[in-house]
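Okay, so here's the structure we're looking at.
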Amino acid sequence: MVEAWYMDESPEDQRAPHRLRPNHAVSLEQLRRLGVAYRKLDADNYETDPRLKEIRRAENYSWMDIITIHKDKLPNYEEKIKTFYEEHLHLDDEIRYILDGSGYFDVRDKDDKWIRISMEKGDMITLPAGIYHRFTLDENNYVKAMRLFVGEPVWTAYNRPADDFPARKQYMKFLAEEAQ
């Protein structure tokens with residue numbers, strides 16, 4: 001099961017867990033209220049998994065690829081790691097399914113605090129369009145992930161500040177409605 005927590009403000013290695021002391025855990029329900037969806041799937045059988053097939057059909061995830069993030073596998077590795085860790089948003093949902101390895105997605109809560117979501121093999125996450133987030137490997141320095149899209153992939157990340165985009169405004173409206 002996925003684990004999430006509020007992050008400390010330490011400037012040490014981004015790949016460290018960065019837990020507050022004492023730990024301040026975040027539940028799946030709290031993530032849901034931020035628009036973050038989580039599923040646990042069978043990563044060993046992703047090529048034939050009927051549950052993944054059904055999710056793709058139901059959510060209209062018509063395009064996918066697989067990315068391996070490791071210094072020996074990803075061209076321009078150091079540059080990409082820095083880019084992934086820049087706080088940004090997308091105009092479409094971001095869907096990632098961890099097939100092997102592990103890493104962290106960090107998302108902002110309604111009060112602009114960082115929540116770290118630890119992702120490992122079998123975890124699928126959907127980050128809503130307009131949420132500020134970032135990604136980093138953990139201390140294992142390796143992840144293999146499926147990227148899913150509705151239609152053709154759009155890779156554009158808009159670094160913060162990006163509050164004037166309609167996707168951000170729609171997301172902020174969603175947060176306000178969830179708070180009521």
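As shown in the structure tokens, the chain order sets the letters A, B, ...; within each chain, residues go from 1, and ligands are also counted from 1 in the order they appear.
For range 67-75 of chain A, the non-local neighbours within 6 Å, defined as residues at least 4 positions apart in the same chain or in other chains and counting only C-alpha atoms, are A:Tyr142, A:Val143, A:Lys144, A:Ala145.
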Same residues, N, CA, C and O atoms, saved as a tab-separated table (two decimals), in the first residue's frame:
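Once everything was written out, this is again-v7.tsv:
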chain	number	residue	atom	x	y	z
A	142	TYR	N	16.55	4.13	-9.12
A	142	TYR	CA	16.05	3.37	-10.26
A	142	TYR	C	14.53	3.26	-10.20
A	142	TYR	O	13.96	2.94	-9.16
A	143	VAL	N	13.90	3.53	-11.32
A	143	VAL	CA	12.47	3.26	-11.47
A	143	VAL	C	12.18	2.98	-12.94
A	143	VAL	O	12.80	3.55	-13.84
A	144	LYS	N	11.27	2.06	-13.15
A	144	LYS	CA	10.73	1.76	-14.48
A	144	LYS	C	9.23	2.00	-14.36
A	144	LYS	O	8.57	1.40	-13.52
A	145	ALA	N	8.72	2.91	-15.19
A	145	ALA	CA	7.32	3.31	-15.06
A	145	ALA	C	6.61	3.36	-16.41
A	145	ALA	O	7.21	3.71	-17.43
Requested in this report: Can you check which residues of chain A DSSP gives as alpha helix (DSSP H) on the backbone and send them as number ranges by chain?
Outcome: A: 28-33, 50-59, 77-85, 166-179
Query raised in the report: Pick the closest to Tyr158 in chain A from A:Arg134, A:Arg57, A:Lys121, A:His90: which is it, counting only C-alpha atoms?
Result: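 Between A:Arg134, A:Arg57, A:Lys121, A:His90, the residue approaching Tyr158 in chain A most closely is A:His90.
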Query raised in the report: Looking at only C-alpha atoms, which of A:Glu139, A:Asn23, A:Leu91, A:Leu52 is the one that sits closest to Phe165 in chain A?
Result: A:Leu91
Query raised in the report: Do you know which residues are at most 7 Å from His88 in chain A counting only C-alpha atoms, after dropping those on the same chain fewer than 3 positions away, and could you put them as number ranges by chain?
Result: A: 132-134, 157-160
Go ahead and save the picked residues with C-alpha atoms, as a compact mmCIF listing (two decimals), in the first residue's frame.
# COMPACT_ATOMS: atom_id res chain seq x y z
CA TYR A 132 1.78 21.52 -8.46
CA HIS A 133 4.05 18.52 -8.14
CA ARG A 134 7.51 17.09 -8.79
CA ALA A 157 5.49 21.03 -17.87
CA TYR A 158 4.77 24.57 -16.69
CA ASN A 159 7.05 25.56 -13.84
CA ARG A 160 5.66 27.51 -10.94
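In this model, the gap between CA of Val107 in chain A and CA of Arg51 in chain A comes to 26.3 Å.
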Report task. Please provide the set of residues having any atom within 8 Å of Arg39 in chain A, restricted to only C-alpha atoms, with same-chain residues fewer than 2 positions apart removed, written as a VMD selection string. Result -> chain A and resid 37 41 123 to 125
